[in-house]
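> Dropping the structure in here first, questions after.
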Amino acid sequence: MFRPTTRHNIAPSGLGGSAPEVKLNRRHSGAPTSERYPHRLNFYERPPLLDITLEEFETTAIARLRVLAHVEALSHRSLPPAQLQQATAAFVKQHLPLSSNTARTANLDDERRRDEIGHWVLRLAFCRSPDLRARFVRAELALFRYRFETEDTAERADFLRRLEFDWRLVDGDERARLAKELRACMPWGTKEDAFRAESWFKVPWYTVPDLVATRRVYVKAGMAYVPQSQQISLVLQAFGSRLEKALEFTAKHLPRLDEDDRLGPVIDHLAQSFLSGVSADTYTSSAEGAGVRVTADMVDAVARQHFPPCMRNLYDRLRRDHHLKHYGRLQLGLFLKGIGLPLDEAIVFWRRMYGPSMSDDKFNKEYKYNIRHSYGQEGKRANYPPKSCQQILTQNQPGTQDSHGCPFRHFSPDNLGAFLLQTYPQLERGSPDFREVMDAVKASHYHVACTKVFELSHAVKKGDGLGSGESVSLPNKWTDRSRELELERLEVMKPKEEMVID
């Protein structure tokens with residue numbers, strides 16, 4: 001399928017060199033790119049026979065992973081259809097743009113090639129287990145539905161014609177005989193003219209289980225009569241079933257990838273990111289860019305107002321016990337570094353939190369070095385970033401005596417409920433919102449539950465998340481957005497200055 005080039009000396013794009021070279025393998029493709037991508041929609045039935053760089057192999061997959069993770073998160077947040085489509089459109093446009101043929105300024109070939117490569121790379125990562133395959137298919141179906149519904153009508157019709165589905169069109173005589181039954185399947189209030197203009201397809205009933213379950217089709221002799229207006233169900237069923245079979249086929253041949261040790265770590269990382277429900281991303285501290293400085297005296301106030309559940313739990317345990325184990329100190333320490341706590345204030349903060357029971361000599365010998373190390377002042381002097389939700393969920397799982405980790409994953413339901421109700425008074429036990437949070441946890445959508453708590457505790461409109469529908473993927477982003485909202489409220493509360501007219 002892919003032939004990653006071994007030319008590692010190619011300069012990456014945007015770093016002063018030319019863009020990584022991507023060569024079509026003409027021996028196998030035999031067609032120009034414009035013929036390979038005639039439509040925006042794609043069933044991904046032909047593997048891309050390309051020579052690509054390892055960098056593009058990874059970057060295209062990560063871009064698509066971000067979109068799929070976001071789409072999956074949105075699908076579990078009970079958003080109205082219009083808001084769901086708006087949030088999806090904004091994120092897709094930023095990370096994985098895919099324009100229609102009518103677009104004038106977009107590079108269609110480049111967009112569609114990146115889209116195709118990303119899809120096939122993720123197949124390699126997510127074909128390994130039934131759970132991964134099922135989640136991948138659901139996310140891809142949601143993305144395909146969005147693209148199908150927003151596609152130009154003429155292009156959509158031409159795309160479906162080329163697929164040559166085995167759908168039997170109901171002729172006029174049969175439609176007349178079954179007019180009463182078919183009429184009953186139409187939405188209430190459908191006018192007679194609209195009913196007469198409707199076309200009907202006849203397909204095996206098991207190909208449209210969603211329509212059968214909701215009684216939106218007429219079933220006779222094992223065949224379901226599907227109106228043109230419900231065509232998307234047929235298309236999604238065909239897309240999903242083909243993708244499931246393709247993933248099973250890929251899983252059988254996956255061991256052959258073991259021969260290339262360059263691809264294994266990339267594929268492992270992608271699969272791990274998707275299992276944790278968040279996408280891999282980089283974080284730039286807003287504190288650094290804005291010159292925000294947090295002192296040791298300010299930490300308590302910031303914690304009570306702006307800490308996410310995982311960090312609030314660590315901070316409360318530290319205040320109560322005057323001690324945290326190694327991974328707890330590391331998780332909280334890097335988070336505090338990210339929100340703007342400088343090294344000198346970090347040393348003051350940790351010394352104060354350990355209390356008088358610990359001598360200065362013991363603190364300097366056993367703890368001060370690790371604090372300086374996390375700030376890049378000791379050892380190899382690396383600048384360690386804050387822990388992401390993916391790392392917290394999947395690395396260094398906490399034991400019974402540990403405090404680190406994610407409360408949504410590592411707390412029992414009873415302990416989690418008590419912790420949330422005590423920490424965030426905006427939540428009410430038994431309320432629909434509280435049940436939504438706990439249902440998301442039960443379904444292992446921890447980032448969705450965390451985002452829901454943020455919305456409730458900050459009086460944010462349902463579905464907005466951290467802004468534009470973004471889900472919590474890093475604890476520091478929760479705090480950054482929380483502080484931004486506080487500043488916005490303070491600006492609104494400021495009395496308007498009187499205008500002085502000369």
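Just remember, in the structure tokens the first chain shown is A, the second B, etc., residues are 1-based per chain, and ligands are 1-based in the order shown.
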What lies within 9 Å of A:Ser468 using only C-alpha atoms, ignoring chain neighbours under 6 positions off, as an NGL selection string?

:A and (86-87 or 90-91)

> With only C-alpha atoms as the counted atoms, please give the residues lying no more than 12 Å from A:Ala440, apart from itself and same-chain residues fewer than 4 positions off, as a PDB file with C-alpha atoms, in the first residue's frame.


ATOM      1  CA  ALA A  73     -16.707  13.428  21.520  1.00  0.00           C
ATOM      2  CA  LEU A  74     -19.409  15.584  19.936  1.00  0.00           C
ATOM      3  CA  SER A  75     -21.559  12.542  19.212  1.00  0.00           C
ATOM      4  CA  HIS A  76     -21.760  11.757  22.954  1.00  0.00           C
ATOM      5  CA  ARG A  77     -22.757  15.264  24.059  1.00  0.00           C
ATOM      6  CA  SER A  78     -26.440  15.276  22.992  1.00  0.00           C
ATOM      7  CA  GLY A 277     -10.524   9.147  23.596  1.00  0.00           C
ATOM      8  CA  PHE A 408     -13.315   9.875  35.900  1.00  0.00           C
ATOM      9  CA  ARG A 409     -11.399   6.697  35.102  1.00  0.00           C
ATOM     10  CA  PRO A 413     -18.688   5.594  40.691  1.00  0.00           C
ATOM     11  CA  ASP A 433     -26.853  16.887  33.844  1.00  0.00           C
ATOM     12  CA  PHE A 434     -25.284  14.836  36.623  1.00  0.00           C
ATOM     13  CA  ARG A 435     -26.647  11.638  35.077  1.00  0.00           C
ATOM     14  CA  GLU A 436     -25.158  12.636  31.727  1.00  0.00           C
ATOM     15  CA  SER A 444     -15.598   5.155  29.090  1.00  0.00           C
ATOM     16  CA  HIS A 445     -15.884   8.598  27.490  1.00  0.00           C
ATOM     17  CA  TYR A 446     -13.902  10.288  30.235  1.00  0.00           C
ATOM     18  CA  HIS A 447     -13.011  13.425  28.257  1.00  0.00           C
ATOM     19  CA  VAL A 448     -16.704  13.933  27.457  1.00  0.00           C
ATOM     20  CA  ALA A 449     -17.589  13.714  31.147  1.00  0.00           C
ATOM     21  CA  CYS A 450     -14.812  16.152  32.045  1.00  0.00           C
ATOM     22  CA  THR A 451     -15.953  18.611  29.373  1.00  0.00           C
ATOM     23  CA  LYS A 452     -19.520  18.359  30.660  1.00  0.00           C
ATOM     24  CA  VAL A 453     -18.359  19.216  34.196  1.00  0.00           C
TER      25      VAL A 453
END

> Need to verify the contact set: A:Leu65, 12 Å, only C-alpha atoms, exclusion of same-chain residues closer than 4 positions in sequence. Can you return it as an MDAnalysis selection string?

chainID A and resid 58:61 69:72 91:92 95:96 115 117:123 125:126 136 139:140 143 267 269:281

> So which residues touch A:Arg168 within 10 Å, counting only C-alpha atoms, skipping near sequence neighbours fewer than 5 positions away, as a ChimeraX atom specification?

/A:200-203,225

> Take the residues just selected and output them with N, CA, C and O atoms as a compact mmCIF listing (two decimals), in the first residue's frame.


# COMPACT_ATOMS: atom_id res chain seq x y z
N TRP A 200 -38.59 5.46 -4.51
CA TRP A 200 -38.45 4.40 -3.52
C TRP A 200 -37.49 3.34 -4.02
O TRP A 200 -37.49 3.00 -5.21
N PHE A 201 -36.67 2.84 -3.08
CA PHE A 201 -35.74 1.75 -3.37
C PHE A 201 -36.16 0.52 -2.57
O PHE A 201 -36.67 0.63 -1.45
N LYS A 202 -35.91 -0.65 -3.14
CA LYS A 202 -36.24 -1.91 -2.48
C LYS A 202 -34.93 -2.65 -2.18
O LYS A 202 -34.19 -3.01 -3.10
N VAL A 203 -34.69 -2.86 -0.88
CA VAL A 203 -33.44 -3.50 -0.44
C VAL A 203 -33.78 -4.53 0.64
O VAL A 203 -34.84 -4.45 1.27
N TYR A 225 -38.81 -1.07 1.79
CA TYR A 225 -39.04 -0.02 0.80
C TYR A 225 -38.57 1.30 1.40
O TYR A 225 -39.19 1.84 2.32

> With only C-alpha atoms as the counted atoms, please give the residues lying no more than 9 Å from A:Gly333, apart from itself and same-chain residues fewer than 6 positions off, as a list in words.

Ala346, Trp350, Ile371, Ser374 and Pro386 of chain A

> If you measure from atom CA of A:Tyr146 to atom CA of A:Ala89, what distance in Å do you get, rounded to one decimal?

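Those two atoms sit 8.3 Å apart.
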